[in-house]
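Next up, entry.csv (CSV, C-alpha atoms):
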```
chain,number,residue,atom,x,y,z
P,1,MET,CA,-49.6,59.1,-6.7
P,2,GLY,CA,-48.8,61.8,-9.2
P,3,LEU,CA,-50.8,62.7,-12.3
P,4,ILE,CA,-50.0,60.6,-15.4
P,5,ASN,CA,-50.5,62.4,-18.7
P,6,VAL,CA,-51.6,59.7,-21.2
P,7,LEU,CA,-51.8,60.4,-24.9
P,8,LEU,CA,-54.1,58.2,-27.0
P,9,VAL,CA,-53.0,57.9,-30.7
P,10,ASP,CA,-55.4,56.1,-33.0
P,11,ASP,CA,-57.0,57.0,-36.3
P,12,HIS,CA,-60.4,55.6,-35.2
P,13,SER,CA,-62.3,58.4,-33.3
P,14,LEU,CA,-64.8,56.0,-31.8
P,15,PHE,CA,-62.1,53.8,-30.3
P,16,ARG,CA,-60.3,56.9,-28.9
P,17,GLU,CA,-63.5,58.3,-27.4
P,18,GLY,CA,-64.2,54.9,-25.8
P,19,LEU,CA,-60.8,54.7,-24.3
P,20,LYS,CA,-60.9,58.3,-23.1
P,21,THR,CA,-64.3,57.7,-21.4
P,22,LEU,CA,-62.9,54.6,-19.8
P,23,LEU,CA,-59.7,56.1,-18.5
P,24,GLU,CA,-60.6,59.7,-17.5
P,25,VAL,CA,-62.6,58.5,-14.5
P,26,GLU,CA,-59.2,57.5,-12.9
P,27,GLU,CA,-58.1,60.4,-10.7
P,28,ASP,CA,-54.4,59.9,-11.5
P,29,LEU,CA,-54.8,59.9,-15.3
P,30,LYS,CA,-55.1,62.9,-17.6
P,31,ILE,CA,-56.1,61.9,-21.1
P,32,LEU,CA,-55.0,63.6,-24.3
P,33,GLU,CA,-55.8,62.6,-27.9
P,34,ALA,CA,-54.2,62.5,-31.4
P,35,GLU,CA,-55.6,60.9,-34.5
P,36,ASN,CA,-52.2,60.3,-36.2
P,37,GLY,CA,-48.5,60.3,-35.7
P,38,PHE,CA,-48.0,63.9,-36.9
P,39,GLN,CA,-50.6,65.2,-34.4
P,40,ALA,CA,-49.0,63.1,-31.7
P,41,MET,CA,-45.5,64.7,-32.3
P,42,LYS,CA,-47.1,68.1,-32.0
P,43,MET,CA,-48.8,67.1,-28.7
P,44,VAL,CA,-45.6,65.7,-27.3
P,45,LYS,CA,-43.7,68.9,-28.1
P,46,ALA,CA,-46.4,71.1,-26.6
P,47,THR,CA,-47.4,69.0,-23.5
P,48,ASP,CA,-45.7,67.0,-20.8
P,49,VAL,CA,-46.7,63.5,-22.0
P,50,ASN,CA,-45.7,60.5,-19.8
P,51,VAL,CA,-47.3,57.5,-21.5
P,52,ILE,CA,-48.5,57.0,-25.1
P,53,LEU,CA,-51.1,54.4,-26.0
P,54,MET,CA,-50.7,54.0,-29.8
P,55,ASP,CA,-52.2,51.8,-32.5
P,56,ILE,CA,-49.6,50.0,-34.6
P,57,THR,CA,-51.4,50.2,-37.9
P,58,MET,CA,-52.1,53.8,-38.8
P,59,PRO,CA,-52.0,55.6,-42.1
P,60,GLU,CA,-49.1,58.0,-43.1
P,61,MET,CA,-47.0,57.3,-40.0
P,62,ASN,CA,-47.5,53.8,-38.5
P,63,GLY,CA,-46.9,53.0,-34.8
P,64,ILE,CA,-43.4,51.6,-35.4
P,65,GLN,CA,-42.3,54.7,-37.2
P,66,LEU,CA,-43.9,56.9,-34.5
P,67,CYS,CA,-42.4,54.9,-31.7
P,68,LYS,CA,-38.9,55.2,-33.1
P,69,LYS,CA,-39.3,59.0,-33.5
P,70,ILE,CA,-40.7,59.4,-30.0
P,71,LYS,CA,-38.0,57.4,-28.3
P,72,ALA,CA,-35.3,59.1,-30.3
P,73,GLU,CA,-36.4,62.6,-29.3
P,74,TYR,CA,-38.1,61.9,-26.0
P,75,PRO,CA,-36.6,58.7,-24.5
P,76,ASP,CA,-38.3,59.2,-21.1
P,77,ILE,CA,-41.8,58.9,-22.6
P,78,LYS,CA,-43.2,55.3,-22.3
P,79,VAL,CA,-45.0,53.8,-25.3
P,80,VAL,CA,-47.6,51.1,-25.1
P,81,ALA,CA,-48.6,49.4,-28.3
P,82,LEU,CA,-52.3,48.5,-28.8
P,83,THR,CA,-52.7,45.7,-31.3
P,84,MET,CA,-55.2,43.2,-32.8
P,85,HIS,CA,-54.2,39.5,-32.8
P,86,GLU,CA,-53.5,39.6,-36.5
P,87,ASP,CA,-50.9,42.4,-36.0
P,88,ASP,CA,-48.6,40.2,-33.8
P,89,ARG,CA,-46.0,40.2,-36.5
P,90,TYR,CA,-45.3,43.9,-35.9
P,91,ILE,CA,-44.7,43.4,-32.2
P,92,ILE,CA,-41.0,42.5,-32.5
P,93,GLU,CA,-40.4,45.7,-34.5
P,94,MET,CA,-42.1,47.7,-31.8
P,95,ILE,CA,-39.8,46.1,-29.2
P,96,GLN,CA,-36.8,47.2,-31.4
P,97,ALA,CA,-38.3,50.7,-31.7
P,98,GLY,CA,-38.4,51.0,-27.9
P,99,ALA,CA,-42.0,50.2,-26.9
P,100,SER,CA,-42.4,49.5,-23.1
P,101,GLY,CA,-45.5,47.4,-23.3
P,102,PHE,CA,-48.1,45.6,-25.5
P,103,LEU,CA,-51.8,45.0,-25.1
P,104,VAL,CA,-54.4,43.5,-27.4
P,105,LYS,CA,-57.4,45.8,-28.0
P,106,ASP,CA,-59.9,43.6,-26.2
P,107,VAL,CA,-57.9,43.8,-23.0
P,108,SER,CA,-59.8,44.4,-19.8
P,109,SER,CA,-60.1,47.9,-18.4
P,110,GLU,CA,-58.3,46.8,-15.2
P,111,GLN,CA,-55.3,45.4,-17.1
P,112,LEU,CA,-55.1,48.5,-19.3
P,113,ILE,CA,-55.1,50.9,-16.4
P,114,ASP,CA,-52.6,48.6,-14.5
P,115,THR,CA,-50.3,48.6,-17.5
P,116,ILE,CA,-50.3,52.4,-17.8
P,117,ARG,CA,-49.3,52.7,-14.2
P,118,ARG,CA,-46.7,50.0,-14.4
P,119,VAL,CA,-44.9,51.4,-17.5
P,120,HIS,CA,-45.0,54.9,-15.9
P,121,LYS,CA,-43.1,53.8,-12.8
P,122,THR,CA,-40.9,51.0,-14.4
P,123,LYS,CA,-38.8,50.4,-17.5
P,124,SER,CA,-41.3,48.2,-19.3
P,125,PHE,CA,-44.1,45.8,-19.0
P,126,VAL,CA,-45.3,43.1,-21.3
P,127,SER,CA,-48.7,41.4,-20.8
P,128,PRO,CA,-47.8,37.9,-19.6
P,129,CYS,CA,-50.1,36.2,-22.2
P,130,LEU,CA,-48.6,38.3,-25.0
P,131,THR,CA,-45.1,37.6,-23.7
P,132,THR,CA,-45.7,33.9,-24.2
P,133,GLU,CA,-47.1,34.5,-27.7
P,134,ILE,CA,-44.2,36.6,-28.8
P,135,LEU,CA,-41.4,34.5,-27.3
P,136,SER,CA,-43.0,31.3,-28.5
P,137,LYS,CA,-42.8,32.6,-32.0
P,138,LEU,CA,-39.2,33.7,-31.5
P,139,SER,CA,-38.2,30.3,-30.1
P,140,GLN,CA,-39.5,28.7,-33.3
P,141,MET,CA,-37.4,30.8,-35.6
P,142,PRO,CA,-34.2,29.3,-37.0
P,143,THR,CA,-30.9,29.9,-35.1
P,144,SER,CA,-28.8,32.5,-36.8
P,145,THR,CA,-25.2,32.1,-37.9
P,146,GLU,CA,-22.4,34.6,-38.6
P,147,SER,CA,-23.2,34.5,-42.3
P,148,ASP,CA,-27.0,34.3,-42.0
P,149,PRO,CA,-28.4,36.6,-39.3
P,150,VAL,CA,-32.1,36.3,-38.4
P,151,LYS,CA,-34.2,39.1,-39.7
P,152,ILE,CA,-37.6,39.9,-38.2
P,153,ASP,CA,-39.9,41.8,-40.6
P,154,ASN,CA,-37.1,44.4,-41.0
P,155,PRO,CA,-34.1,44.1,-43.3
P,156,ASP,CA,-32.0,46.0,-40.8
P,157,SER,CA,-32.9,43.8,-37.8
P,158,LYS,CA,-30.3,41.3,-36.8
P,159,VAL,CA,-30.1,38.8,-33.9
P,160,PRO,CA,-26.7,37.7,-32.8
P,161,PRO,CA,-25.8,34.0,-33.5
P,162,ALA,CA,-26.6,31.5,-30.8
P,163,GLU,CA,-22.9,31.0,-29.8
P,164,ILE,CA,-22.5,34.7,-29.0
P,165,LEU,CA,-25.8,34.7,-27.0
P,166,ALA,CA,-24.6,31.7,-25.1
P,167,GLU,CA,-21.3,33.3,-24.3
P,168,ALA,CA,-23.0,36.3,-22.8
P,169,PHE,CA,-25.3,34.1,-20.8
P,170,GLU,CA,-22.3,32.3,-19.3
P,171,GLU,CA,-21.3,35.6,-17.7
P,172,LEU,CA,-24.5,35.8,-15.7
P,173,THR,CA,-24.6,34.8,-12.0
P,174,LYS,CA,-27.2,32.2,-10.8
P,175,ARG,CA,-29.3,35.0,-9.4
P,176,GLU,CA,-29.2,37.0,-12.6
P,177,ARG,CA,-30.4,34.0,-14.5
P,178,GLU,CA,-33.3,33.5,-12.1
P,179,ILE,CA,-34.3,37.2,-12.6
P,180,LEU,CA,-33.9,36.9,-16.4
P,181,LYS,CA,-36.3,34.0,-16.4
P,182,LEU,CA,-38.8,35.9,-14.3
P,183,ILE,CA,-38.5,38.9,-16.6
P,184,ALA,CA,-39.2,36.6,-19.6
P,185,HIS,CA,-42.4,35.5,-17.8
P,186,GLY,CA,-43.5,39.2,-17.6
P,187,LYS,CA,-42.8,39.8,-13.9
P,188,ASP,CA,-42.1,43.3,-12.7
P,189,ASN,CA,-39.5,44.3,-10.0
P,190,SER,CA,-41.9,44.1,-7.1
P,191,GLU,CA,-43.1,40.6,-8.2
P,192,ILE,CA,-39.5,39.4,-8.7
P,193,SER,CA,-38.7,40.8,-5.2
P,194,GLU,CA,-41.5,38.8,-3.7
P,195,VAL,CA,-40.7,35.5,-5.6
P,196,LEU,CA,-37.0,35.6,-4.7
P,197,ASP,CA,-37.4,37.2,-1.3
P,198,ILE,CA,-35.0,40.0,-1.9
P,199,SER,CA,-35.4,43.8,-1.8
P,200,ILE,CA,-36.5,45.7,-4.8
P,201,LYS,CA,-33.2,47.7,-4.7
P,202,THR,CA,-31.3,44.4,-5.0
P,203,VAL,CA,-33.5,43.4,-7.9
P,204,ARG,CA,-32.7,46.6,-9.7
P,205,ASN,CA,-29.0,46.2,-9.1
P,206,HIS,CA,-29.0,42.7,-10.5
P,207,ILE,CA,-31.0,43.8,-13.6
P,208,THR,CA,-28.6,46.7,-14.3
P,209,ASN,CA,-25.6,44.3,-14.1
P,210,MET,CA,-27.4,41.7,-16.2
P,211,PHE,CA,-28.4,44.1,-18.9
P,212,LYS,CA,-24.8,45.2,-19.3
P,213,LYS,CA,-23.6,41.7,-19.6
P,214,ILE,CA,-26.1,40.6,-22.3
P,215,GLY,CA,-26.0,44.0,-24.1
P,216,VAL,CA,-29.7,45.1,-23.8
P,217,GLU,CA,-31.3,48.2,-22.5
P,218,ASP,CA,-34.8,47.0,-21.5
P,219,ARG,CA,-36.8,44.1,-20.2
P,220,ASN,CA,-38.4,43.3,-23.6
P,221,LYS,CA,-35.1,42.8,-25.3
P,222,ALA,CA,-33.8,40.8,-22.3
P,223,ALA,CA,-36.7,38.4,-22.7
P,224,ILE,CA,-36.0,38.1,-26.5
P,225,PHE,CA,-32.3,37.4,-25.6
P,226,ALA,CA,-33.3,34.6,-23.3
P,227,PHE,CA,-35.6,32.9,-25.7
P,228,LYS,CA,-33.6,33.4,-28.9
P,229,ALA,CA,-30.6,31.9,-27.2
P,230,GLY,CA,-32.7,28.9,-26.3
P,231,LEU,CA,-31.7,29.4,-22.7
P,232,VAL,CA,-35.1,30.1,-21.1
P,233,LYS,CA,-38.2,28.0,-21.8
P,234,PHE,CA,-41.7,27.9,-20.4
```

Now that the file is in, can you turn its structure into structure tokens?
Amino acid sequence: MGLINVLLVDDHSLFREGLKTLLEVEEDLKILEAENGFQAMKMVKATDVNVILMDITMPEMNGIQLCKKIKAEYPDIKVVALTMHEDDRYIIEMIQAGASGFLVKDVSSEQLIDTIRRVHKTKSFVSPCLTTEILSKLSQMPTSTESDPVKIDNPDSKVPPAEILAEAFEELTKREREILKLIAHGKDNSEISEVLDISIKTVRNHITNMFKKIGVEDRNKAAIFAFKAGLVKF
């Protein structure tokens, strides 16, 4: 396993130091630190960063703004948002900004380390418990119409009307629908491969085709598509 350069971005020094102490004992993780978004951008430009763990609520440049900037300039860097329960309303905007994963700050050390490794080797990862939380909220939002698009904490964020989502869903094969449901449950490619008894290469091919059909570029947005269209339910 190669070395993963992890950048911690949080304005609370004690929290950063605690995370660094926790993570740096792992032989495959090299830990870097930044106390704000501006410092983080300098670090990214000067260092080969693979994964960023960032707080969402930070002064001057918040996690949503930083994530958008990172993904626009360095699309290969994976971003994992660290959030408190009361910050859940920002998570949808982080998805739209390009975040690959989400964890609450009281997550276990095992899950934190597992998430870093997962997002490094795959497109994205959402904690299953947090997936349920996010998508449950989305499923309770009113269905949009052509004249009244749904907006999520962002005046520029629009979700296509249900009939358009349903039309895209109809283009999916039975296997693609099965995979979409598993993605919405937070399963990664190896887990999907095991559940459906197909190769990981086949899983990847189905996901690529499915993403094209429903017009998304990552797993998080695929899960939102499934729930917002009312087509996948727990």

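Each of P:Leu182, P:Ile113, P:Ile91, P:Ile77 was checked against Glu27 of chain P using only C-alpha atoms; the smallest atom-to-atom distance is that of P:Ile113.
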
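With only C-alpha atoms as the atoms that count, the minimum distance from Val25 of chain P to the choices P:Phe225, P:Ser109, P:Gly2, P:Gly63 is reached by P:Ser109.
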
List as a ChimeraX atom specification the protein and nucleic acid residues near Leu8 of chain P, meaning an atom at most 8 Å away when only C-alpha atoms are counted, but skip any in the same chain fewer than 3 places from it.
/P:16,20,31-34,52-54

Can you tell me, as a PDB file with C-alpha atoms, in the frame of the given file, what residues are no more than 12 Å from Ser100 of chain P when counting only C-alpha atoms, ignoring any on the same chain fewer than 5 positions away?
```pdb
ATOM      1  CA  ASN P  50     -45.700  60.500 -19.800  1.00  0.00           C
ATOM      2  CA  VAL P  51     -47.300  57.500 -21.500  1.00  0.00           C
ATOM      3  CA  ILE P  52     -48.500  57.000 -25.100  1.00  0.00           C
ATOM      4  CA  LEU P  53     -51.100  54.400 -26.000  1.00  0.00           C
ATOM      5  CA  MET P  54     -50.700  54.000 -29.800  1.00  0.00           C
ATOM      6  CA  CYS P  67     -42.400  54.900 -31.700  1.00  0.00           C
ATOM      7  CA  LYS P  71     -38.000  57.400 -28.300  1.00  0.00           C
ATOM      8  CA  PRO P  75     -36.600  58.700 -24.500  1.00  0.00           C
ATOM      9  CA  ASP P  76     -38.300  59.200 -21.100  1.00  0.00           C
ATOM     10  CA  ILE P  77     -41.800  58.900 -22.600  1.00  0.00           C
ATOM     11  CA  LYS P  78     -43.200  55.300 -22.300  1.00  0.00           C
ATOM     12  CA  VAL P  79     -45.000  53.800 -25.300  1.00  0.00           C
ATOM     13  CA  VAL P  80     -47.600  51.100 -25.100  1.00  0.00           C
ATOM     14  CA  ALA P  81     -48.600  49.400 -28.300  1.00  0.00           C
ATOM     15  CA  LEU P  82     -52.300  48.500 -28.800  1.00  0.00           C
ATOM     16  CA  ILE P  91     -44.700  43.400 -32.200  1.00  0.00           C
ATOM     17  CA  ILE P  92     -41.000  42.500 -32.500  1.00  0.00           C
ATOM     18  CA  MET P  94     -42.100  47.700 -31.800  1.00  0.00           C
ATOM     19  CA  ILE P  95     -39.800  46.100 -29.200  1.00  0.00           C
ATOM     20  CA  THR P 115     -50.300  48.600 -17.500  1.00  0.00           C
ATOM     21  CA  ILE P 116     -50.300  52.400 -17.800  1.00  0.00           C
ATOM     22  CA  ARG P 117     -49.300  52.700 -14.200  1.00  0.00           C
ATOM     23  CA  ARG P 118     -46.700  50.000 -14.400  1.00  0.00           C
ATOM     24  CA  VAL P 119     -44.900  51.400 -17.500  1.00  0.00           C
ATOM     25  CA  HIS P 120     -45.000  54.900 -15.900  1.00  0.00           C
ATOM     26  CA  LYS P 121     -43.100  53.800 -12.800  1.00  0.00           C
ATOM     27  CA  THR P 122     -40.900  51.000 -14.400  1.00  0.00           C
ATOM     28  CA  LYS P 123     -38.800  50.400 -17.500  1.00  0.00           C
ATOM     29  CA  SER P 124     -41.300  48.200 -19.300  1.00  0.00           C
ATOM     30  CA  PHE P 125     -44.100  45.800 -19.000  1.00  0.00           C
ATOM     31  CA  VAL P 126     -45.300  43.100 -21.300  1.00  0.00           C
ATOM     32  CA  SER P 127     -48.700  41.400 -20.800  1.00  0.00           C
ATOM     33  CA  GLY P 186     -43.500  39.200 -17.600  1.00  0.00           C
ATOM     34  CA  GLU P 217     -31.300  48.200 -22.500  1.00  0.00           C
ATOM     35  CA  ASP P 218     -34.800  47.000 -21.500  1.00  0.00           C
ATOM     36  CA  ARG P 219     -36.800  44.100 -20.200  1.00  0.00           C
ATOM     37  CA  ASN P 220     -38.400  43.300 -23.600  1.00  0.00           C
ATOM     38  CA  LYS P 221     -35.100  42.800 -25.300  1.00  0.00           C
TER      39      LYS P 221
END
```

Hey, can you check how far atom CA of Ile183 of chain P sits from atom CA of Ala223 of chain P?
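If I compute the distance from atom CA of Ile183 of chain P to atom CA of Ala223 of chain P, I get 6.4 Å.
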
Between atom CA of Ser193 of chain P and atom CA of Tyr74 of chain P, what is the distance in Å, rounded to a tenth?
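Between atom CA of Ser193 of chain P and atom CA of Tyr74 of chain P the gap works out to 29.6 Å.
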
Kindly indicate which residue among P:Leu103, P:Ile56, P:Leu66, P:Ile214 lies nearest to Gln39 of chain P, using only C-alpha atoms for the distances.
P:Leu66

Under the rule that all atoms listed in the file are counted, which of P:Asn209, P:Gln65, P:Ser13, P:Thr202 is the nearest residue to Asn189 of chain P?
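Counting all atoms listed in the file, the residue closest to Asn189 of chain P is P:Thr202.
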